[in-house]
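Novice: Pasting in a structure now, in structure tokens, and then I'll have a few things to ask.
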Amino acid sequence: MDAISKIVIAGGGTAGWLTACYLARSLGTRVAGGPSITVIESPDIGIIGVGEGTFPTIRTTLKTLGIDEARFLRESSATFKQGIRFDDWVRAPQNGRHTHYLHPFEFPHRVGGEELLPHWLLGEAGPGTVLADAVTVQKRIADASLAPKRPHDANYAGPLNYAYHFDAVQFAALLAAVARESGVHHIADTIDAVNLDDSGAISGLLTRANGHIEGDLYIDCTGLRAKLIGEALKVPFKSCRGSLLADRAVAVQVPNERADSPIASYTIATAHEAGWTWDIGLHNRRGIGYVYSSAHSTDETAERILRAYAGANAEDKPFRFLKFDAGFRERPWVRNCVAVGLSAAFFEPLESTGIMLIEVAAAMIADFFPWNRDFDAAARLFNDSMSNRCRKIVNFLKMHYCLGQREEDFWRDNRRSESIPDELHNLLSAWRRRPPGRFDFVADYETFPYCSYQYVLYGMGFRTDLEGARSRYSASSAPARQAFAQLRGIAKQACAELPTHRALIDQIYRNGFLTKPDAETVSTAGRRLAPAR
């Protein structure tokens, strides 16, 4: 049987071009002895571009693609992201008083290999100390509008863990340029029909200007239309509407108030009566949107809420409405077709899962690549991993919604027992007696590390009663209290040494990163340390 020689990717955007870049790098293009890769991108279909946030995995992906970090930042209008700040999720504002917590990207500090979380739960970090402040320095860095790295730090490295915010359209254009540099063929055309052979596999794509285009493996990156996997192959979409209630979004882009305005280095997610707003700071503008439930709000009310949040800068700007159904395909790989991006899954912008799933899918296609045309074997592995990963994402996102104390109908409905997945319900019951730990999760199925669950869980005010287990931690109480105090001192030192986020972005845009081989990285342990991964 002949080896696979032709990959056809239907659709461009972030999903299509990132997948093309990754496969060209991993498998080699036709010029280098690998399969040919062709992207068919319709000039009539725009990029949705709702999600402009990423998770720290994007740094490894961009490095794998061979993209210089300064080039990426400049050509994508990108900025740094150190986590997500959740405002008013615990309860609605009362008498002008607001609540907030941070889901930082930094892993919690440990002492002698042991977690500090149990000691925080036992009150040893001091009264009123929030978890992200107690076990990392990142909250204080981000709250001060400081950057996670310095001008002389190496590509994709720095003292703190980080991801990015960027312009989705510009990012897709950069990926397209890199893909073409790697030998990927680009066809600007519209796919009018998907042809199937007698076995039900795809035999070719009928395009408007270029006629019939054949491939061996087809990758569906046609977004919510799912033209190959959904329309042609009839693979069902599993809705998660029973757990994730939001199904609408309205978005707007507004300019920064001043050219030197501070840039927040986290996504600001603010809860409202029927959903939440995202607020993402780029170099010269902010991307703002309101995610909401059509069962709990009208489009008119949603626009009013977003206009009130965005302020005067949005008065003359166009507002864009989007409809979606949160869910995923349990079989994103069927026969010789793989769905990647929105054609495979979409869970709303919360926690930036969209681009992360594209990264994972591209990497798994490369690892499971059916060189000998054994599509079914590759599909079994891919589908098992992706469907389980999607199920875990639903648990993680639902956890944000079901733990708060807001009393609007949307939030009350999110607390209904029947809307909480059984697996999450069981975990929450267990976590009343002990904190989340690594044995609660199967690493290959998880998108988020277990510390992410901890940050959100306790940020939302969840209570774990560890009093009965105090004796287990008594021997390490003194070192833990010392570590809490040490972290406060290191945070103060880091605030003095790190540049502002705006200053670093301006520096990189002008001159790129500086060279300083003997630079010492700020360490959360107070000593020389390799840059965060």
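Labels used: A, B, ... for chains in the order of the structure tokens, numbers from 1 for residues in each chain, and numbers from 1 for ligands as shown.
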Set the distance at 8 Å and use only C-alpha atoms: which residues neighbour Met399 in chain A once local chain neighbours fewer than 4 positions away are removed? I'd like the list as a PyMOL selection string.
Specialist: chain A and resi 395+403+424+456-457
Novice: Per DSSP on the backbone, filter range 190-297 of chain A down to the residues in helix (DSSP H, G or I) and report them as number ranges by chain.
Specialist: A: 223-225, 227-232
Novice: Filtering to C-alpha atoms, could you give me those residues as a PDB file, in the first residue's frame?
Specialist:
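Result went into selection_0.pdb, see below:
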```pdb
ATOM      1  CA  GLY A 223     -14.766  26.317  11.658  1.00  0.00           C
ATOM      2  CA  LEU A 224     -18.318  26.055  12.936  1.00  0.00           C
ATOM      3  CA  ARG A 225     -19.498  25.086   9.425  1.00  0.00           C
ATOM      4  CA  LYS A 227     -17.985  21.247   6.032  1.00  0.00           C
ATOM      5  CA  LEU A 228     -16.080  17.962   5.901  1.00  0.00           C
ATOM      6  CA  ILE A 229     -16.581  16.259   9.272  1.00  0.00           C
ATOM      7  CA  GLY A 230     -20.131  17.479   9.840  1.00  0.00           C
ATOM      8  CA  GLU A 231     -21.822  18.225   6.514  1.00  0.00           C
ATOM      9  CA  ALA A 232     -20.186  15.469   4.442  1.00  0.00           C
TER      10      ALA A 232
END
```
Novice: Can you list, as a PyMOL selection string, every protein, DNA or RNA residue that comes within 10 Å of Ala295 in chain A when you count only C-alpha atoms, leaving out same-chain residues fewer than 3 positions away?
Specialist: chain A and resi 245-248+274+292+298+409-410
Novice: Could you please take those selected residues and save C-alpha atoms as a short mmCIF file (atom, residue, chain, number, x, y, z; two decimals), in the first residue's frame?
Specialist:
```cif
data_model
loop_
_atom_site.label_atom_id
_atom_site.label_comp_id
_atom_site.auth_asym_id
_atom_site.auth_seq_id
_atom_site.Cartn_x
_atom_site.Cartn_y
_atom_site.Cartn_z
CA LEU A 245 -25.20 27.55 29.62
CA ALA A 246 -23.64 30.41 27.62
CA ASP A 247 -24.41 30.33 23.88
CA ARG A 248 -23.93 33.91 22.67
CA ALA A 274 -26.21 36.55 32.61
CA TYR A 292 -23.94 35.26 27.85
CA THR A 298 -31.69 39.35 25.22
CA ASP A 409 -31.07 33.35 37.48
CA PHE A 410 -28.10 32.53 35.24
#
```
Novice: How many Å separate CA of Leu18 in chain A from CA of Tyr164 in chain A?
Specialist: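 So the two atoms, CA of Leu18 in chain A and CA of Tyr164 in chain A, lie 15.7 Å apart.
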Novice: Set the distance at 10 Å and use only C-alpha atoms: which residues neighbour Leu73 in chain A once local chain neighbours fewer than 4 positions away are removed? I'd like the list as a PyMOL selection string.
Specialist: chain A and resi 68-69+77-80+164-167+171+283+505+508-509+512
Novice: Could you find all residues in range 317-527 of chain A that DSSP calls strand (DSSP E or B) from the backbone, and write them as a PyMOL selection string?
Specialist: chain A and resi 320-323+327-328+333-334+337-339+345-346+500
Novice: Skip Ala339 in chain A itself and residues of its chain fewer than 3 positions away, then list as number ranges by chain all residues within 9 Å of it, counting only C-alpha atoms.
Specialist: A: 218-222, 226, 228-229, 329, 331-334, 342-345, 361
Novice: Do you know which residues are at most 10 Å from range 441-449 of chain A counting only C-alpha atoms, after dropping those on the same chain fewer than 5 positions away, and could you put them as a ChimeraX atom specification?
Specialist: /A:55,57,105,107,351,353,356-357,360,384-393,396,436,454
Novice: With C-alpha atoms retained, write the just-selected residues as an mmCIF file, in the first residue's frame.
Specialist:
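Output (again-v4.cif):
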```cif
data_model
loop_
_atom_site.group_PDB
_atom_site.id
_atom_site.type_symbol
_atom_site.label_atom_id
_atom_site.label_comp_id
_atom_site.auth_asym_id
_atom_site.auth_seq_id
_atom_site.Cartn_x
_atom_site.Cartn_y
_atom_site.Cartn_z
ATOM 1 C CA PHE A 55 -2.174 29.190 27.537
ATOM 2 C CA THR A 57 1.782 25.773 25.926
ATOM 3 C CA PHE A 105 0.178 30.557 35.236
ATOM 4 C CA PHE A 107 3.170 26.774 39.442
ATOM 5 C CA GLU A 351 -9.725 29.978 29.940
ATOM 6 C CA THR A 353 -9.161 26.501 25.416
ATOM 7 C CA MET A 356 -4.792 25.131 23.076
ATOM 8 C CA LEU A 357 -6.920 22.371 21.518
ATOM 9 C CA VAL A 360 -2.827 19.496 20.959
ATOM 10 C CA ASP A 384 -9.958 8.597 22.749
ATOM 11 C CA SER A 385 -7.507 11.279 23.806
ATOM 12 C CA MET A 386 -9.447 14.253 22.411
ATOM 13 C CA SER A 387 -12.890 13.196 23.655
ATOM 14 C CA ASN A 388 -11.569 12.590 27.163
ATOM 15 C CA ARG A 389 -9.695 15.887 27.076
ATOM 16 C CA CYS A 390 -12.880 17.707 26.031
ATOM 17 C CA ARG A 391 -14.858 16.069 28.820
ATOM 18 C CA LYS A 392 -12.257 17.258 31.349
ATOM 19 C CA ILE A 393 -12.415 20.798 29.930
ATOM 20 C CA PHE A 396 -12.961 22.644 34.594
ATOM 21 C CA PRO A 436 -7.104 18.538 44.699
ATOM 22 C CA GLN A 454 -6.678 24.742 43.061
#
```
Novice: Identify, on the basis of only C-alpha atoms, every residue whose closest approach to Ser36 in chain A does not exceed 12 Å; exclude the query and any residue fewer than 4 positions from it along the same chain; express the result as a PyMOL selection string.
Specialist: chain A and resi 3-9+20+23-24+27-32+179-180+182-186+214-218
